[in-house]
file model18.cif (mmCIF, C-alpha atoms and all ligand atoms)
data_target
#
loop_
_atom_site.label_atom_id
_atom_site.label_comp_id
_atom_site.auth_asym_id
_atom_site.auth_seq_id
_atom_site.Cartn_x
_atom_site.Cartn_y
_atom_site.Cartn_z
CA MET H 14 -17.75 15.25 7.07
CA PRO H 15 -17.01 15.00 3.32
CA PHE H 16 -19.93 14.42 0.97
CA TRP H 17 -18.73 11.01 -0.27
CA SER H 18 -18.75 9.48 3.18
CA TYR H 19 -22.55 9.84 3.40
CA ASN H 20 -23.24 7.80 0.34
CA TYR H 21 -22.62 4.07 0.00
CA TRP H 22 -23.69 4.09 -3.65
CA LEU H 23 -21.20 6.78 -4.59
CA ILE H 24 -18.38 4.75 -3.00
CA LEU H 25 -19.62 1.67 -4.86
CA LEU H 26 -19.64 3.60 -8.14
CA ILE H 27 -16.06 4.84 -7.59
CA VAL H 28 -14.82 1.35 -6.59
CA PHE H 29 -16.55 -0.35 -9.51
CA LEU H 30 -15.55 2.25 -12.13
CA ARG H 31 -11.94 2.04 -10.97
CA TYR H 32 -12.02 -1.71 -11.61
CA LEU H 33 -14.00 -1.45 -14.84
CA VAL H 34 -11.97 1.29 -16.54
CA MET H 35 -8.62 -0.34 -15.76
CA SER H 36 -9.80 -3.81 -16.76
CA VAL H 37 -11.33 -2.61 -20.03
CA VAL H 38 -8.18 -0.67 -20.95
CA ALA H 39 -5.89 -3.63 -20.15
CA TYR H 40 -8.20 -6.05 -21.93
CA LEU H 41 -8.37 -3.90 -25.07
CA VAL H 42 -4.62 -3.25 -25.13
CA PHE H 43 -3.34 -6.77 -24.33
CA TYR H 44 -6.16 -9.04 -25.48
CA VAL H 45 -7.59 -7.19 -28.50
CA ILE H 46 -5.46 -4.47 -30.12
CA PHE H 47 -2.00 -6.00 -29.53
CA ARG H 48 -3.24 -9.59 -29.08
CA HIS H 49 -0.93 -11.01 -31.75
CA ARG H 50 1.92 -8.50 -31.66
CA TRP H 51 2.47 -8.94 -27.90
CA ALA H 52 1.52 -12.64 -27.74
CA PHE H 53 5.20 -13.50 -27.15
CA ARG H 54 5.06 -11.55 -23.87
CA LYS H 55 2.19 -13.63 -22.52
CA ILE H 56 3.23 -16.12 -19.82
CA GLN H 57 0.76 -18.78 -21.01
CA ILE H 58 0.16 -19.45 -24.70
CA GLY H 59 -3.63 -19.76 -24.65
CA PHE H 60 -6.20 -17.11 -23.80
CA PRO H 61 -8.96 -17.55 -21.18
CA LYS H 62 -12.40 -18.66 -22.40
CA GLY H 63 -15.82 -16.99 -22.10
CA PRO H 64 -16.82 -18.76 -18.85
CA ASP H 65 -13.53 -17.62 -17.24
CA TYR H 66 -14.26 -14.00 -18.15
CA ARG H 67 -17.83 -14.30 -16.82
CA ARG H 68 -16.76 -15.92 -13.52
CA GLU H 69 -14.01 -13.34 -12.95
CA PHE H 70 -16.35 -10.46 -13.76
CA LEU H 71 -19.23 -11.67 -11.56
CA TYR H 72 -17.01 -12.30 -8.53
CA SER H 73 -15.45 -8.87 -9.12
CA VAL H 74 -18.89 -7.21 -9.03
CA LEU H 75 -19.56 -8.95 -5.70
CA THR H 76 -16.18 -7.78 -4.42
CA ALA H 77 -16.97 -4.17 -5.39
CA PHE H 78 -20.11 -4.31 -3.18
CA ILE H 79 -18.04 -5.67 -0.27
CA PHE H 80 -15.20 -3.14 -0.70
CA ALA H 81 -17.72 -0.29 -0.83
CA GLY H 82 -19.54 -1.66 2.23
CA ILE H 83 -16.35 -1.81 4.29
CA GLY H 84 -15.19 1.61 3.02
CA TYR H 85 -18.54 3.15 3.92
CA SER H 86 -18.70 1.46 7.34
CA LEU H 87 -15.21 2.72 8.16
CA PHE H 88 -15.43 6.31 6.91
CA GLY H 89 -19.16 7.04 6.65
CA THR H 90 -20.27 5.98 10.14
CA GLY H 91 -19.22 6.58 13.72
CA LEU H 92 -16.34 4.13 13.22
CA ARG H 93 -14.51 7.00 11.52
CA ASN H 94 -13.80 8.50 14.94
CA TYR H 95 -11.51 5.53 15.64
CA THR H 96 -9.47 6.09 12.45
CA GLN H 97 -6.70 8.60 11.81
CA LEU H 98 -8.33 10.00 8.67
CA TYR H 99 -7.70 13.73 8.27
CA LEU H 100 -9.19 16.15 5.77
CA ASN H 101 -7.13 19.28 6.29
CA MET H 102 -3.91 18.99 4.26
CA ALA H 103 -2.22 21.55 6.53
CA ASP H 104 -2.47 19.14 9.49
CA TYR H 105 0.45 17.03 8.26
CA GLY H 106 1.66 18.93 5.16
CA TRP H 107 2.32 17.88 1.57
CA GLY H 108 5.61 16.17 2.46
CA TYR H 109 3.81 13.66 4.68
CA PHE H 110 1.00 13.37 2.14
CA TRP H 111 3.40 12.15 -0.58
CA LEU H 112 5.31 9.97 1.88
CA SER H 113 2.10 8.33 3.07
CA ILE H 114 1.53 6.74 -0.35
CA PRO H 115 4.74 4.60 -0.45
CA LEU H 116 4.18 3.88 3.26
CA MET H 117 0.76 2.46 2.42
CA LEU H 118 2.29 0.36 -0.37
CA ILE H 119 4.86 -1.09 2.05
CA ILE H 120 2.22 -1.82 4.70
CA HIS H 121 0.05 -3.41 2.03
CA ASP H 122 2.88 -5.60 0.78
CA THR H 123 3.40 -6.87 4.32
CA TYR H 124 -0.31 -7.36 4.89
CA PHE H 125 -0.82 -9.08 1.53
CA TYR H 126 2.14 -11.40 1.99
CA TRP H 127 1.00 -12.75 5.36
CA THR H 128 -2.74 -12.88 4.65
CA HIS H 129 -2.01 -14.61 1.33
CA ARG H 130 0.16 -17.19 3.08
CA ALA H 131 -2.52 -17.72 5.74
CA MET H 132 -5.24 -18.19 3.11
CA HIS H 133 -3.13 -20.91 1.48
CA HIS H 134 -3.32 -22.98 4.65
CA PRO H 135 -5.20 -26.21 3.75
CA SER H 136 -7.75 -25.72 6.54
CA VAL H 137 -9.04 -22.43 5.10
CA PHE H 138 -7.95 -22.41 1.46
CA ARG H 139 -11.25 -23.62 -0.02
CA TRP H 140 -13.31 -21.14 2.03
CA PHE H 141 -11.22 -18.07 1.26
CA HIS H 142 -8.82 -18.35 -1.62
CA LYS H 143 -9.82 -21.16 -3.97
CA VAL H 144 -12.00 -18.90 -6.12
CA HIS H 145 -9.07 -16.62 -6.92
CA HIS H 146 -6.97 -19.61 -7.98
CA LEU H 147 -9.70 -20.85 -10.33
CA SER H 148 -8.14 -18.25 -12.62
CA THR H 149 -5.29 -20.48 -13.72
CA ASN H 150 -4.98 -18.37 -16.86
CA PRO H 151 -6.12 -15.01 -15.49
CA ALA H 152 -7.45 -12.13 -17.55
CA PRO H 153 -7.44 -8.44 -16.51
CA TRP H 154 -10.98 -9.05 -15.14
CA ALA H 155 -9.53 -11.23 -12.35
CA SER H 156 -8.14 -8.37 -10.26
CA PHE H 157 -11.26 -8.36 -8.03
CA ALA H 158 -12.21 -12.03 -8.53
CA PHE H 159 -12.23 -13.15 -4.90
CA HIS H 160 -14.51 -15.25 -2.74
CA PRO H 161 -16.53 -12.82 -0.57
CA LEU H 162 -14.57 -13.96 2.51
CA GLU H 163 -11.30 -13.17 0.77
CA ALA H 164 -12.74 -9.82 -0.36
CA ILE H 165 -13.28 -8.95 3.32
CA VAL H 166 -9.67 -9.90 4.10
CA GLU H 167 -8.38 -7.83 1.14
CA ALA H 168 -10.42 -4.81 2.22
CA GLY H 169 -8.91 -5.17 5.70
CA ILE H 170 -5.77 -3.34 4.52
CA ILE H 171 -7.71 -0.06 4.46
CA VAL H 172 -8.90 -0.72 8.02
CA VAL H 173 -5.31 -1.41 9.14
CA ILE H 174 -3.95 1.69 7.39
CA ALA H 175 -6.69 3.98 8.72
CA LEU H 176 -6.09 2.75 12.27
CA ILE H 177 -2.29 2.92 12.42
CA MET H 178 -1.34 6.03 10.40
CA PRO H 179 -2.76 9.48 9.65
CA VAL H 180 -4.11 9.34 6.12
CA HIS H 181 -5.82 11.77 3.75
CA PRO H 182 -8.68 10.48 1.53
CA LEU H 183 -6.84 11.68 -1.59
CA ALA H 184 -3.78 9.61 -0.58
CA ILE H 185 -6.05 6.57 -0.13
CA GLY H 186 -7.49 7.23 -3.60
CA LEU H 187 -4.02 7.42 -5.19
CA PHE H 188 -2.90 4.30 -3.30
CA LEU H 189 -5.95 2.37 -4.53
CA LEU H 190 -5.36 3.60 -8.07
CA ILE H 191 -1.78 2.28 -7.98
CA MET H 192 -3.06 -1.01 -6.54
CA ILE H 193 -5.63 -1.59 -9.26
CA LEU H 194 -3.17 -0.55 -12.00
CA THR H 195 -0.54 -3.04 -10.87
CA ASN H 196 -3.15 -5.78 -10.28
CA VAL H 197 -4.82 -5.42 -13.65
CA PHE H 198 -1.61 -5.27 -15.65
CA HIS H 199 -0.10 -8.12 -13.64
CA LEU H 200 -3.17 -10.24 -14.31
CA ALA H 201 -3.08 -9.34 -18.00
CA GLU H 202 -0.27 -11.90 -17.78
CA ASN H 203 2.17 -9.88 -19.82
CA GLN H 204 5.78 -9.75 -18.82
CA LEU H 205 6.14 -5.98 -18.92
CA VAL H 206 7.33 -5.45 -15.39
CA CYS H 207 10.11 -6.88 -13.23
CA LYS H 208 9.45 -10.13 -11.47
CA PRO H 209 8.75 -9.78 -7.73
CA SER H 210 11.58 -10.41 -5.32
CA SER H 211 11.92 -13.87 -3.81
CA SER H 212 9.42 -14.81 -1.14
CA LEU H 213 12.22 -15.16 1.43
CA VAL H 214 13.34 -11.56 0.90
CA ARG H 215 9.74 -10.38 1.04
CA ALA H 216 9.11 -12.32 4.25
CA ASN H 217 12.14 -10.79 5.97
CA LEU H 218 11.29 -7.29 4.80
CA SER H 219 7.72 -7.84 5.93
CA ILE H 220 8.81 -8.77 9.45
CA CYS H 221 11.06 -5.68 9.62
CA PHE H 222 8.26 -3.37 8.52
CA LEU H 223 5.78 -5.03 10.85
CA ILE H 224 8.07 -4.37 13.83
CA LEU H 225 8.79 -0.82 12.62
CA PHE H 226 5.15 0.11 12.17
CA SER H 227 3.93 -1.55 15.36
CA THR H 228 6.60 0.40 17.29
CA ALA H 229 5.74 3.64 15.47
CA SER H 230 2.02 3.23 16.09
CA PHE H 231 2.67 2.84 19.84
CA LEU H 232 4.99 5.86 19.94
CA PHE H 233 2.65 8.24 18.12
ZN ZN H 301 -2.72 -17.62 -3.76
#

call {"tool": "encode", "arguments": {"input": "model18.cif", "output": "structure tokens"}}
result
Amino acid sequence: MPFWSYNYWLILLIVFLRYLVMSVVAYLVFYVIFRHRWAFRKIQIGFPKGPDYRREFLYSVLTAFIFAGIGYSLFGTGLRNYTQLYLNMADYGWGYFWLSIPLMLIIHDTYFYWTHRAMHHPSVFRWFHKVHHLSTNPAPWASFAFHPLEAIVEAGIIVVIALIMPVHPLAIGLFLLIMILTNVFHLAENQLVCKPSSSLVRANLSICFLILFSTASFLF
């Protein structure tokens, strides 16, 4: 068993530093150094206020504890025997290793789309998702700013991935790095990247990938 899976605090440190480093970099670049030069790129004219930053940061700290708790429970306890985590690169080869990263991104997009839609349902919105939408003018600090219940749902993607496909810890690390990078820079509210495709296209693609992966997970 790898050394990191024994230690909840090490996982917490990695999860929190990943959030902190990316948020600080994005904050410094978009909100301090190039605040005026790139102001025209910002979607909203104003900048968030102190209480917004504090709320987003505090909820993000709470989320880091939850993410680390779920990561540790899944990979650091007996539950790991139910996952398809592998440590020996030779088991599936480098080709699969590199393929597994875009596969995780596709599965995540599907998962995020449907869980996000579900959390917008009026009967559960205030219990799960309202906190995230308090950030009406989000800063880079908002990438982890979820209600604890939503944090559990968000962390569920790692559970899904680990159950349905063979995955190496390094691939999970790279996947999570891409996730936090896109989240932080998206929430910096600067129009540097392409707009996402329409929700209809995403919904259809999501259904296709859901069918594909459910079939694949039964076959293998
Ligand atoms: Zn939403």

call {"tool": "closest_residue", "arguments": {"input": "model18.cif", "among": "H:Phe70, H:Phe78, H:Phe159, H:Tyr44", "to": "Tyr21 in chain H", "atoms": "all atoms listed in the file"}}
result
H:Phe78

call {"tool": "closest_residue", "arguments": {"input": "model18.cif", "among": "H:Tyr126, H:Asn20, H:Tyr40, H:Arg139", "to": "Thr90 in chain H", "atoms": "only C-alpha atoms"}}
result
H:Asn20

call {"tool": "closest_residue", "arguments": {"input": "model18.cif", "among": "H:Ala131, H:Leu100, H:Ala168, H:Ile191", "to": "ligand ZN 301 (chain H)", "atoms": "only C-alpha atoms and all ligand atoms"}}
result
H:Ala131

call {"tool": "closest_residue", "arguments": {"input": "model18.cif", "among": "H:Leu194, H:Ile119, H:Trp127, H:Ile79", "to": "ligand ZN 301 (chain H)", "atoms": "all atoms listed in the file"}}
result
H:Trp127

call {"tool": "residues_near_ligand", "arguments": {"input": "model18.cif", "ligand": "ligand ZN 301 (chain H)", "cutoff": "7 Å", "atoms": "all atoms listed in the file", "output": "list of chain:residue names"}}
result
H:His129, H:His133, H:His142, H:His146
